[in-house]
$ cat run.cif   # mmCIF, N, CA and C atoms, pLDDT in the B column; chains and numbers go by the auth columns
data_coords
loop_
_atom_site.group_PDB
_atom_site.id
_atom_site.type_symbol
_atom_site.label_atom_id
_atom_site.label_comp_id
_atom_site.label_asym_id
_atom_site.label_seq_id
_atom_site.Cartn_x
_atom_site.Cartn_y
_atom_site.Cartn_z
_atom_site.B_iso_or_equiv
_atom_site.auth_seq_id
_atom_site.auth_asym_id
ATOM 1 N N MET A 1 -22.065 60.431 2.857 35.00 1123 A
ATOM 2 C CA MET A 1 -21.555 59.084 2.687 35.00 1123 A
ATOM 3 C C MET A 1 -20.681 58.725 3.880 35.00 1123 A
ATOM 4 N N ASN A 2 -20.882 57.558 4.393 43.00 1124 A
ATOM 5 C CA ASN A 2 -20.115 57.082 5.548 43.00 1124 A
ATOM 6 C C ASN A 2 -18.931 56.269 5.054 43.00 1124 A
ATOM 7 N N ALA A 3 -17.762 56.878 4.949 46.00 1125 A
ATOM 8 C CA ALA A 3 -16.597 56.259 4.325 46.00 1125 A
ATOM 9 C C ALA A 3 -16.146 54.949 4.956 46.00 1125 A
ATOM 10 N N PRO A 4 -16.066 54.826 6.294 57.00 1126 A
ATOM 11 C CA PRO A 4 -15.566 53.581 6.862 57.00 1126 A
ATOM 12 C C PRO A 4 -16.426 52.360 6.546 57.00 1126 A
ATOM 13 N N THR A 5 -17.735 52.536 6.365 63.00 1127 A
ATOM 14 C CA THR A 5 -18.598 51.390 6.107 63.00 1127 A
ATOM 15 C C THR A 5 -19.079 51.343 4.663 63.00 1127 A
ATOM 16 N N ASP A 6 -18.669 52.296 3.822 75.00 1128 A
ATOM 17 C CA ASP A 6 -19.083 52.328 2.423 75.00 1128 A
ATOM 18 C C ASP A 6 -18.255 51.319 1.636 75.00 1128 A
ATOM 19 N N ILE A 7 -18.891 50.219 1.242 79.00 1129 A
ATOM 20 C CA ILE A 7 -18.134 49.163 0.567 79.00 1129 A
ATOM 21 C C ILE A 7 -17.948 49.431 -0.918 79.00 1129 A
ATOM 22 N N SER A 8 -18.642 50.407 -1.469 78.00 1130 A
ATOM 23 C CA SER A 8 -18.542 50.663 -2.902 78.00 1130 A
ATOM 24 C C SER A 8 -17.167 51.196 -3.291 78.00 1130 A
ATOM 25 N N MET A 9 -16.449 51.779 -2.365 82.00 1131 A
ATOM 26 C CA MET A 9 -15.141 52.361 -2.659 82.00 1131 A
ATOM 27 C C MET A 9 -13.985 51.413 -2.334 82.00 1131 A
ATOM 28 N N LYS A 10 -14.268 50.232 -1.845 89.00 1132 A
ATOM 29 C CA LYS A 10 -13.219 49.313 -1.426 89.00 1132 A
ATOM 30 C C LYS A 10 -12.975 48.248 -2.487 89.00 1132 A
ATOM 31 N N THR A 11 -11.726 47.809 -2.572 91.00 1133 A
ATOM 32 C CA THR A 11 -11.394 46.755 -3.533 91.00 1133 A
ATOM 33 C C THR A 11 -11.858 45.406 -3.005 91.00 1133 A
ATOM 34 N N ASP A 12 -11.934 44.440 -3.902 90.00 1134 A
ATOM 35 C CA ASP A 12 -12.358 43.097 -3.508 90.00 1134 A
ATOM 36 C C ASP A 12 -11.393 42.485 -2.500 90.00 1134 A
ATOM 37 N N ASP A 13 -10.101 42.764 -2.643 92.00 1135 A
ATOM 38 C CA ASP A 13 -9.119 42.219 -1.695 92.00 1135 A
ATOM 39 C C ASP A 13 -9.343 42.767 -0.291 92.00 1135 A
ATOM 40 N N VAL A 14 -9.608 44.049 -0.199 94.00 1136 A
ATOM 41 C CA VAL A 14 -9.875 44.671 1.103 94.00 1136 A
ATOM 42 C C VAL A 14 -11.156 44.087 1.691 94.00 1136 A
ATOM 43 N N LEU A 15 -12.167 43.910 0.864 94.00 1137 A
ATOM 44 C CA LEU A 15 -13.435 43.356 1.337 94.00 1137 A
ATOM 45 C C LEU A 15 -13.274 41.922 1.824 94.00 1137 A
ATOM 46 N N ARG A 16 -12.431 41.133 1.155 95.00 1138 A
ATOM 47 C CA ARG A 16 -12.200 39.755 1.600 95.00 1138 A
ATOM 48 C C ARG A 16 -11.541 39.722 2.976 95.00 1138 A
ATOM 49 N N VAL A 17 -10.589 40.617 3.188 96.00 1139 A
ATOM 50 C CA VAL A 17 -9.925 40.689 4.495 96.00 1139 A
ATOM 51 C C VAL A 17 -10.927 41.115 5.565 96.00 1139 A
ATOM 52 N N GLU A 18 -11.701 42.143 5.270 96.00 1140 A
ATOM 53 C CA GLU A 18 -12.715 42.597 6.227 96.00 1140 A
ATOM 54 C C GLU A 18 -13.732 41.493 6.507 96.00 1140 A
ATOM 55 N N LEU A 19 -14.103 40.749 5.488 97.00 1141 A
ATOM 56 C CA LEU A 19 -15.064 39.667 5.647 97.00 1141 A
ATOM 57 C C LEU A 19 -14.547 38.628 6.639 97.00 1141 A
ATOM 58 N N GLU A 20 -13.300 38.259 6.520 97.00 1142 A
ATOM 59 C CA GLU A 20 -12.723 37.286 7.449 97.00 1142 A
ATOM 60 C C GLU A 20 -12.652 37.838 8.873 97.00 1142 A
ATOM 61 N N VAL A 21 -12.298 39.111 8.990 97.00 1143 A
ATOM 62 C CA VAL A 21 -12.230 39.743 10.310 97.00 1143 A
ATOM 63 C C VAL A 21 -13.616 39.779 10.945 97.00 1143 A
ATOM 64 N N PHE A 22 -14.625 40.167 10.173 98.00 1144 A
ATOM 65 C CA PHE A 22 -15.995 40.227 10.689 98.00 1144 A
ATOM 66 C C PHE A 22 -16.528 38.842 11.046 98.00 1144 A
ATOM 67 N N ARG A 23 -16.199 37.850 10.226 98.00 1145 A
ATOM 68 C CA ARG A 23 -16.637 36.487 10.531 98.00 1145 A
ATOM 69 C C ARG A 23 -16.009 35.994 11.835 98.00 1145 A
ATOM 70 N N ARG A 24 -14.740 36.278 12.017 98.00 1146 A
ATOM 71 C CA ARG A 24 -14.048 35.868 13.245 98.00 1146 A
ATOM 72 C C ARG A 24 -14.648 36.572 14.455 98.00 1146 A
ATOM 73 N N GLU A 25 -14.903 37.868 14.327 98.00 1147 A
ATOM 74 C CA GLU A 25 -15.490 38.630 15.426 98.00 1147 A
ATOM 75 C C GLU A 25 -16.900 38.119 15.739 98.00 1147 A
ATOM 76 N N HIS A 26 -17.658 37.758 14.693 98.00 1148 A
ATOM 77 C CA HIS A 26 -19.004 37.207 14.874 98.00 1148 A
ATOM 78 C C HIS A 26 -18.945 35.895 15.653 98.00 1148 A
ATOM 79 N N ARG A 27 -17.996 35.023 15.292 98.00 1149 A
ATOM 80 C CA ARG A 27 -17.828 33.749 16.014 98.00 1149 A
ATOM 81 C C ARG A 27 -17.434 33.995 17.466 98.00 1149 A
ATOM 82 N N ASP A 28 -16.523 34.937 17.681 98.00 1150 A
ATOM 83 C CA ASP A 28 -16.090 35.252 19.046 98.00 1150 A
ATOM 84 C C ASP A 28 -17.247 35.765 19.892 98.00 1150 A
ATOM 85 N N LEU A 29 -18.075 36.626 19.310 97.00 1151 A
ATOM 86 C CA LEU A 29 -19.246 37.122 20.038 97.00 1151 A
ATOM 87 C C LEU A 29 -20.211 35.989 20.355 97.00 1151 A
ATOM 88 N N ASP A 30 -20.391 35.092 19.402 97.00 1152 A
ATOM 89 C CA ASP A 30 -21.269 33.951 19.619 97.00 1152 A
ATOM 90 C C ASP A 30 -20.754 33.099 20.775 97.00 1152 A
ATOM 91 N N ASP A 31 -19.451 32.856 20.798 96.00 1153 A
ATOM 92 C CA ASP A 31 -18.846 32.089 21.893 96.00 1153 A
ATOM 93 C C ASP A 31 -19.020 32.802 23.234 96.00 1153 A
ATOM 94 N N SER A 32 -18.827 34.110 23.232 94.00 1154 A
ATOM 95 C CA SER A 32 -18.965 34.892 24.463 94.00 1154 A
ATOM 96 C C SER A 32 -20.404 34.846 24.985 94.00 1154 A
ATOM 97 N N ILE A 33 -21.350 34.984 24.081 94.00 1155 A
ATOM 98 C CA ILE A 33 -22.758 34.949 24.477 94.00 1155 A
ATOM 99 C C ILE A 33 -23.109 33.594 25.076 94.00 1155 A
ATOM 100 N N ARG A 34 -22.685 32.531 24.405 94.00 1156 A
ATOM 101 C CA ARG A 34 -22.965 31.184 24.925 94.00 1156 A
ATOM 102 C C ARG A 34 -22.330 30.970 26.295 94.00 1156 A
ATOM 103 N N ALA A 35 -21.096 31.448 26.460 92.00 1157 A
ATOM 104 C CA ALA A 35 -20.401 31.275 27.738 92.00 1157 A
ATOM 105 C C ALA A 35 -21.113 32.036 28.854 92.00 1157 A
ATOM 106 N N LEU A 36 -21.520 33.261 28.578 90.00 1158 A
ATOM 107 C CA LEU A 36 -22.226 34.051 29.581 90.00 1158 A
ATOM 108 C C LEU A 36 -23.562 33.411 29.951 90.00 1158 A
ATOM 109 N N GLN A 37 -24.243 32.865 28.972 90.00 1159 A
ATOM 110 C CA GLN A 37 -25.518 32.218 29.251 90.00 1159 A
ATOM 111 C C GLN A 37 -25.312 30.917 30.022 90.00 1159 A
ATOM 112 N N ALA A 38 -24.253 30.198 29.714 91.00 1160 A
ATOM 113 C CA ALA A 38 -24.010 28.906 30.364 91.00 1160 A
ATOM 114 C C ALA A 38 -23.661 29.055 31.837 91.00 1160 A
ATOM 115 N N ILE A 39 -22.829 30.059 32.152 87.00 1161 A
ATOM 116 C CA ILE A 39 -22.426 30.212 33.549 87.00 1161 A
ATOM 117 C C ILE A 39 -23.346 31.155 34.314 87.00 1161 A
ATOM 118 N N GLY A 40 -24.206 31.847 33.583 84.00 1162 A
ATOM 119 C CA GLY A 40 -25.205 32.690 34.227 84.00 1162 A
ATOM 120 C C GLY A 40 -24.662 33.933 34.901 84.00 1162 A
ATOM 121 N N THR A 41 -23.459 34.381 34.516 74.00 1163 A
ATOM 122 C CA THR A 41 -22.910 35.577 35.147 74.00 1163 A
ATOM 123 C C THR A 41 -23.221 36.851 34.380 74.00 1163 A
ATOM 124 N N GLY A 42 -23.656 36.712 33.134 69.00 1164 A
ATOM 125 C CA GLY A 42 -23.933 37.895 32.328 69.00 1164 A
ATOM 126 C C GLY A 42 -25.298 38.479 32.620 69.00 1164 A
ATOM 127 N N ASP A 43 -25.344 39.790 32.802 87.00 1165 A
ATOM 128 C CA ASP A 43 -26.641 40.422 32.998 87.00 1165 A
ATOM 129 C C ASP A 43 -27.323 40.586 31.640 87.00 1165 A
ATOM 130 N N GLN A 44 -28.608 40.791 31.650 90.00 1166 A
ATOM 131 C CA GLN A 44 -29.393 40.844 30.417 90.00 1166 A
ATOM 132 C C GLN A 44 -28.991 42.003 29.510 90.00 1166 A
ATOM 133 N N ILE A 45 -28.621 43.123 30.084 92.00 1167 A
ATOM 134 C CA ILE A 45 -28.223 44.273 29.268 92.00 1167 A
ATOM 135 C C ILE A 45 -26.956 43.953 28.489 92.00 1167 A
ATOM 136 N N THR A 46 -26.001 43.322 29.145 91.00 1168 A
ATOM 137 C CA THR A 46 -24.764 42.947 28.473 91.00 1168 A
ATOM 138 C C THR A 46 -25.042 41.949 27.356 91.00 1168 A
ATOM 139 N N LEU A 47 -25.880 40.968 27.643 93.00 1169 A
ATOM 140 C CA LEU A 47 -26.222 39.979 26.623 93.00 1169 A
ATOM 141 C C LEU A 47 -26.931 40.634 25.435 93.00 1169 A
ATOM 142 N N GLN A 48 -27.825 41.558 25.705 95.00 1170 A
ATOM 143 C CA GLN A 48 -28.531 42.247 24.626 95.00 1170 A
ATOM 144 C C GLN A 48 -27.564 43.056 23.770 95.00 1170 A
ATOM 145 N N ARG A 49 -26.611 43.717 24.396 96.00 1171 A
ATOM 146 C CA ARG A 49 -25.621 44.501 23.638 96.00 1171 A
ATOM 147 C C ARG A 49 -24.761 43.599 22.766 96.00 1171 A
ATOM 148 N N LEU A 50 -24.336 42.471 23.312 96.00 1172 A
ATOM 149 C CA LEU A 50 -23.532 41.537 22.529 96.00 1172 A
ATOM 150 C C LEU A 50 -24.327 40.977 21.360 96.00 1172 A
ATOM 151 N N LYS A 51 -25.591 40.655 21.603 97.00 1173 A
ATOM 152 C CA LYS A 51 -26.434 40.119 20.540 97.00 1173 A
ATOM 153 C C LYS A 51 -26.685 41.164 19.452 97.00 1173 A
ATOM 154 N N LYS A 52 -26.867 42.417 19.851 98.00 1174 A
ATOM 155 C CA LYS A 52 -27.079 43.487 18.880 98.00 1174 A
ATOM 156 C C LYS A 52 -25.838 43.677 18.023 98.00 1174 A
ATOM 157 N N LYS A 53 -24.678 43.656 18.659 98.00 1175 A
ATOM 158 C CA LYS A 53 -23.424 43.802 17.916 98.00 1175 A
ATOM 159 C C LYS A 53 -23.244 42.627 16.951 98.00 1175 A
ATOM 160 N N LYS A 54 -23.625 41.441 17.396 98.00 1176 A
ATOM 161 C CA LYS A 54 -23.535 40.256 16.550 98.00 1176 A
ATOM 162 C C LYS A 54 -24.435 40.403 15.325 98.00 1176 A
ATOM 163 N N LEU A 55 -25.643 40.924 15.508 98.00 1177 A
ATOM 164 C CA LEU A 55 -26.555 41.136 14.387 98.00 1177 A
ATOM 165 C C LEU A 55 -26.025 42.184 13.410 98.00 1177 A
ATOM 166 N N LEU A 56 -25.422 43.240 13.937 97.00 1178 A
ATOM 167 C CA LEU A 56 -24.832 44.256 13.063 97.00 1178 A
ATOM 168 C C LEU A 56 -23.700 43.665 12.232 97.00 1178 A
ATOM 169 N N LEU A 57 -22.890 42.816 12.861 98.00 1179 A
ATOM 170 C CA LEU A 57 -21.816 42.153 12.126 98.00 1179 A
ATOM 171 C C LEU A 57 -22.387 41.229 11.047 98.00 1179 A
ATOM 172 N N LYS A 58 -23.460 40.535 11.386 97.00 1180 A
ATOM 173 C CA LYS A 58 -24.100 39.644 10.418 97.00 1180 A
ATOM 174 C C LYS A 58 -24.564 40.434 9.199 97.00 1180 A
ATOM 175 N N ASP A 59 -25.130 41.619 9.419 97.00 1181 A
ATOM 176 C CA ASP A 59 -25.573 42.468 8.316 97.00 1181 A
ATOM 177 C C ASP A 59 -24.390 42.929 7.463 97.00 1181 A
ATOM 178 N N ARG A 60 -23.291 43.317 8.101 96.00 1182 A
ATOM 179 C CA ARG A 60 -22.101 43.727 7.356 96.00 1182 A
ATOM 180 C C ARG A 60 -21.536 42.572 6.540 96.00 1182 A
ATOM 181 N N ILE A 61 -21.522 41.397 7.142 97.00 1183 A
ATOM 182 C CA ILE A 61 -21.030 40.209 6.442 97.00 1183 A
ATOM 183 C C ILE A 61 -21.885 39.955 5.202 97.00 1183 A
ATOM 184 N N ALA A 62 -23.193 40.054 5.348 95.00 1184 A
ATOM 185 C CA ALA A 62 -24.103 39.827 4.222 95.00 1184 A
ATOM 186 C C ALA A 62 -23.876 40.851 3.112 95.00 1184 A
ATOM 187 N N LEU A 63 -23.663 42.110 3.470 94.00 1185 A
ATOM 188 C CA LEU A 63 -23.415 43.147 2.468 94.00 1185 A
ATOM 189 C C LEU A 63 -22.142 42.859 1.676 94.00 1185 A
ATOM 190 N N ILE A 64 -21.101 42.481 2.394 94.00 1186 A
ATOM 191 C CA ILE A 64 -19.829 42.206 1.730 94.00 1186 A
ATOM 192 C C ILE A 64 -19.945 40.964 0.850 94.00 1186 A
ATOM 193 N N GLU A 65 -20.613 39.934 1.353 94.00 1187 A
ATOM 194 C CA GLU A 65 -20.793 38.718 0.552 94.00 1187 A
ATOM 195 C C GLU A 65 -21.587 39.026 -0.719 94.00 1187 A
ATOM 196 N N ASP A 66 -22.600 39.869 -0.608 91.00 1188 A
ATOM 197 C CA ASP A 66 -23.384 40.251 -1.780 91.00 1188 A
ATOM 198 C C ASP A 66 -22.531 41.003 -2.798 91.00 1188 A
ATOM 199 N N ARG A 67 -21.627 41.814 -2.316 90.00 1189 A
ATOM 200 C CA ARG A 67 -20.743 42.568 -3.217 90.00 1189 A
ATOM 201 C C ARG A 67 -19.745 41.632 -3.891 90.00 1189 A
ATOM 202 N N LEU A 68 -19.191 40.696 -3.124 90.00 1190 A
ATOM 203 C CA LEU A 68 -18.179 39.797 -3.681 90.00 1190 A
ATOM 204 C C LEU A 68 -18.791 38.698 -4.549 90.00 1190 A
ATOM 205 N N LEU A 69 -19.979 38.243 -4.180 86.00 1191 A
ATOM 206 C CA LEU A 69 -20.659 37.166 -4.907 86.00 1191 A
ATOM 207 C C LEU A 69 -22.042 37.624 -5.323 86.00 1191 A
ATOM 208 N N PRO A 70 -22.112 38.439 -6.373 75.00 1192 A
ATOM 209 C CA PRO A 70 -23.423 38.969 -6.770 75.00 1192 A
ATOM 210 C C PRO A 70 -24.361 37.848 -7.217 75.00 1192 A
ATOM 211 N N ASP A 71 -25.636 38.039 -6.938 72.00 1193 A
ATOM 212 C CA ASP A 71 -26.656 37.076 -7.307 72.00 1193 A
ATOM 213 C C ASP A 71 -27.030 37.305 -8.768 72.00 1193 A
ATOM 214 N N ILE A 72 -26.486 36.474 -9.639 73.00 1194 A
ATOM 215 C CA ILE A 72 -26.719 36.630 -11.079 73.00 1194 A
ATOM 216 C C ILE A 72 -27.789 35.635 -11.509 73.00 1194 A
ATOM 217 N N ILE A 73 -28.850 36.169 -12.073 70.00 1195 A
ATOM 218 C CA ILE A 73 -29.926 35.319 -12.579 70.00 1195 A
ATOM 219 C C ILE A 73 -29.620 35.025 -14.042 70.00 1195 A
ATOM 220 N N ALA A 74 -29.494 33.743 -14.347 58.00 1196 A
ATOM 221 C CA ALA A 74 -29.108 33.349 -15.710 58.00 1196 A
ATOM 222 C C ALA A 74 -30.302 33.269 -16.619 58.00 1196 A
#

$ encode --input "run.cif" --output "structure tokens"
Amino acid sequence: MNAPTDISMKTDDVLRVELEVFRREHRDLDDSIRALQAIGTGDQITLQRLKKKKLLLKDRIALIEDRLLPDIIA
């Protein structure tokens, strides 16, 4: 079990804080990617790494949102 990323052991309050941190980091990465693309100074490897990190954050955000807001079929 990977303790730092295992959300089953974390409280909802901790998950909400992490969710906000991840959302902020995701926005910052998005801004950085756009800026690098706009000025054309970023090399492709750097852009790919930033995009990969952004996707990983998106997956973590989705996991936490699913835990906090379960999809209940009525």

$ select_by_dssp --input "run.cif" --residues "chain A" --states "alpha helix (DSSP H)" --output "number ranges by chain"
A: 1134-1161, 1166-1190

$ resolve_selection --input "run.cif" --expression "the PyMOL selection byres (((chain A and resi 1190 and name CA) around 12) and name CA)" --output "list of chain:residue names"
A:Ile1129, A:Ser1130, A:Lys1132, A:Thr1133, A:Asp1134, A:Asp1135, A:Val1136, A:Leu1137, A:Arg1138, A:Val1139, A:Glu1140, A:Leu1141, A:Ile1183, A:Ala1184, A:Leu1185, A:Ile1186, A:Glu1187, A:Asp1188, A:Arg1189, A:Leu1191, A:Pro1192, A:Asp1193, A:Ile1194

$ atom_distance --input "run.cif" --atom1 "atom N of Phe1144 (chain A)" --atom2 "CA of Ile1195 (chain A)"
27.8 Å

$ atom_distance --input "run.cif" --atom1 "atom C of Arg1149 (chain A)" --atom2 "atom N of Lys1180 (chain A)"
10.8 Å

$ residues_around --input "run.cif" --residues "Leu1158 (chain A)" --least-positions-apart "5" --cutoff "12 Å" --atoms "only C-alpha atoms" --output "ChimeraX atom specification"
/A:1151-1153,1163-1170,1172-1173

$ atom_distance --input "run.cif" --atom1 "CA of Glu1142 (chain A)" --atom2 "CA of Lys1176 (chain A)"
14.4 Å

$ build_atoms --input "run.cif" --residues "region 1180-1196 of chain A" --atoms "N, CA, C and O atoms" --output "PDB file, keeping the file's coordinate frame"
ATOM      1  N   LYS A1180     -23.460  40.535  11.386  1.00 97.00           N
ATOM      2  CA  LYS A1180     -24.100  39.644  10.418  1.00 97.00           C
ATOM      3  C   LYS A1180     -24.564  40.434   9.199  1.00 97.00           C
ATOM      4  O   LYS A1180     -24.403  39.987   8.057  1.00 97.00           O
ATOM      5  N   ASP A1181     -25.130  41.619   9.419  1.00 97.00           N
ATOM      6  CA  ASP A1181     -25.573  42.468   8.316  1.00 97.00           C
ATOM      7  C   ASP A1181     -24.390  42.929   7.463  1.00 97.00           C
ATOM      8  O   ASP A1181     -24.470  42.935   6.234  1.00 97.00           O
ATOM      9  N   ARG A1182     -23.291  43.317   8.101  1.00 96.00           N
ATOM     10  CA  ARG A1182     -22.101  43.727   7.356  1.00 96.00           C
ATOM     11  C   ARG A1182     -21.536  42.572   6.540  1.00 96.00           C
ATOM     12  O   ARG A1182     -21.123  42.749   5.401  1.00 96.00           O
ATOM     13  N   ILE A1183     -21.522  41.397   7.142  1.00 97.00           N
ATOM     14  CA  ILE A1183     -21.030  40.209   6.442  1.00 97.00           C
ATOM     15  C   ILE A1183     -21.885  39.955   5.202  1.00 97.00           C
ATOM     16  O   ILE A1183     -21.360  39.697   4.114  1.00 97.00           O
ATOM     17  N   ALA A1184     -23.193  40.054   5.348  1.00 95.00           N
ATOM     18  CA  ALA A1184     -24.103  39.827   4.222  1.00 95.00           C
ATOM     19  C   ALA A1184     -23.876  40.851   3.112  1.00 95.00           C
ATOM     20  O   ALA A1184     -23.880  40.503   1.922  1.00 95.00           O
ATOM     21  N   LEU A1185     -23.663  42.110   3.470  1.00 94.00           N
ATOM     22  CA  LEU A1185     -23.415  43.147   2.468  1.00 94.00           C
ATOM     23  C   LEU A1185     -22.142  42.859   1.676  1.00 94.00           C
ATOM     24  O   LEU A1185     -22.114  42.986   0.453  1.00 94.00           O
ATOM     25  N   ILE A1186     -21.101  42.481   2.394  1.00 94.00           N
ATOM     26  CA  ILE A1186     -19.829  42.206   1.730  1.00 94.00           C
ATOM     27  C   ILE A1186     -19.945  40.964   0.850  1.00 94.00           C
ATOM     28  O   ILE A1186     -19.449  40.951  -0.290  1.00 94.00           O
ATOM     29  N   GLU A1187     -20.613  39.934   1.353  1.00 94.00           N
ATOM     30  CA  GLU A1187     -20.793  38.718   0.552  1.00 94.00           C
ATOM     31  C   GLU A1187     -21.587  39.026  -0.719  1.00 94.00           C
ATOM     32  O   GLU A1187     -21.261  38.503  -1.795  1.00 94.00           O
ATOM     33  N   ASP A1188     -22.600  39.869  -0.608  1.00 91.00           N
ATOM     34  CA  ASP A1188     -23.384  40.251  -1.780  1.00 91.00           C
ATOM     35  C   ASP A1188     -22.531  41.003  -2.798  1.00 91.00           C
ATOM     36  O   ASP A1188     -22.706  40.842  -4.007  1.00 91.00           O
ATOM     37  N   ARG A1189     -21.627  41.814  -2.316  1.00 90.00           N
ATOM     38  CA  ARG A1189     -20.743  42.568  -3.217  1.00 90.00           C
ATOM     39  C   ARG A1189     -19.745  41.632  -3.891  1.00 90.00           C
ATOM     40  O   ARG A1189     -19.476  41.731  -5.082  1.00 90.00           O
ATOM     41  N   LEU A1190     -19.191  40.696  -3.124  1.00 90.00           N
ATOM     42  CA  LEU A1190     -18.179  39.797  -3.681  1.00 90.00           C
ATOM     43  C   LEU A1190     -18.791  38.698  -4.549  1.00 90.00           C
ATOM     44  O   LEU A1190     -18.181  38.258  -5.513  1.00 90.00           O
ATOM     45  N   LEU A1191     -19.979  38.243  -4.180  1.00 86.00           N
ATOM     46  CA  LEU A1191     -20.659  37.166  -4.907  1.00 86.00           C
ATOM     47  C   LEU A1191     -22.042  37.624  -5.323  1.00 86.00           C
ATOM     48  O   LEU A1191     -23.043  37.258  -4.723  1.00 86.00           O
ATOM     49  N   PRO A1192     -22.112  38.439  -6.373  1.00 75.00           N
ATOM     50  CA  PRO A1192     -23.423  38.969  -6.770  1.00 75.00           C
ATOM     51  C   PRO A1192     -24.361  37.848  -7.217  1.00 75.00           C
ATOM     52  O   PRO A1192     -23.928  36.838  -7.772  1.00 75.00           O
ATOM     53  N   ASP A1193     -25.636  38.039  -6.938  1.00 72.00           N
ATOM     54  CA  ASP A1193     -26.656  37.076  -7.307  1.00 72.00           C
ATOM     55  C   ASP A1193     -27.030  37.305  -8.768  1.00 72.00           C
ATOM     56  O   ASP A1193     -27.781  38.225  -9.086  1.00 72.00           O
ATOM     57  N   ILE A1194     -26.486  36.474  -9.639  1.00 73.00           N
ATOM     58  CA  ILE A1194     -26.719  36.630 -11.079  1.00 73.00           C
ATOM     59  C   ILE A1194     -27.789  35.635 -11.509  1.00 73.00           C
ATOM     60  O   ILE A1194     -27.640  34.433 -11.347  1.00 73.00           O
ATOM     61  N   ILE A1195     -28.850  36.169 -12.073  1.00 70.00           N
ATOM     62  CA  ILE A1195     -29.926  35.319 -12.579  1.00 70.00           C
ATOM     63  C   ILE A1195     -29.620  35.025 -14.042  1.00 70.00           C
ATOM     64  O   ILE A1195     -29.503  35.922 -14.863  1.00 70.00           O
ATOM     65  N   ALA A1196     -29.494  33.743 -14.347  1.00 58.00           N
ATOM     66  CA  ALA A1196     -29.108  33.349 -15.710  1.00 58.00           C
ATOM     67  C   ALA A1196     -30.302  33.269 -16.619  1.00 58.00           C
ATOM     68  O   ALA A1196     -31.381  33.007 -16.309  1.00 58.00           O
TER      69      ALA A1196
END
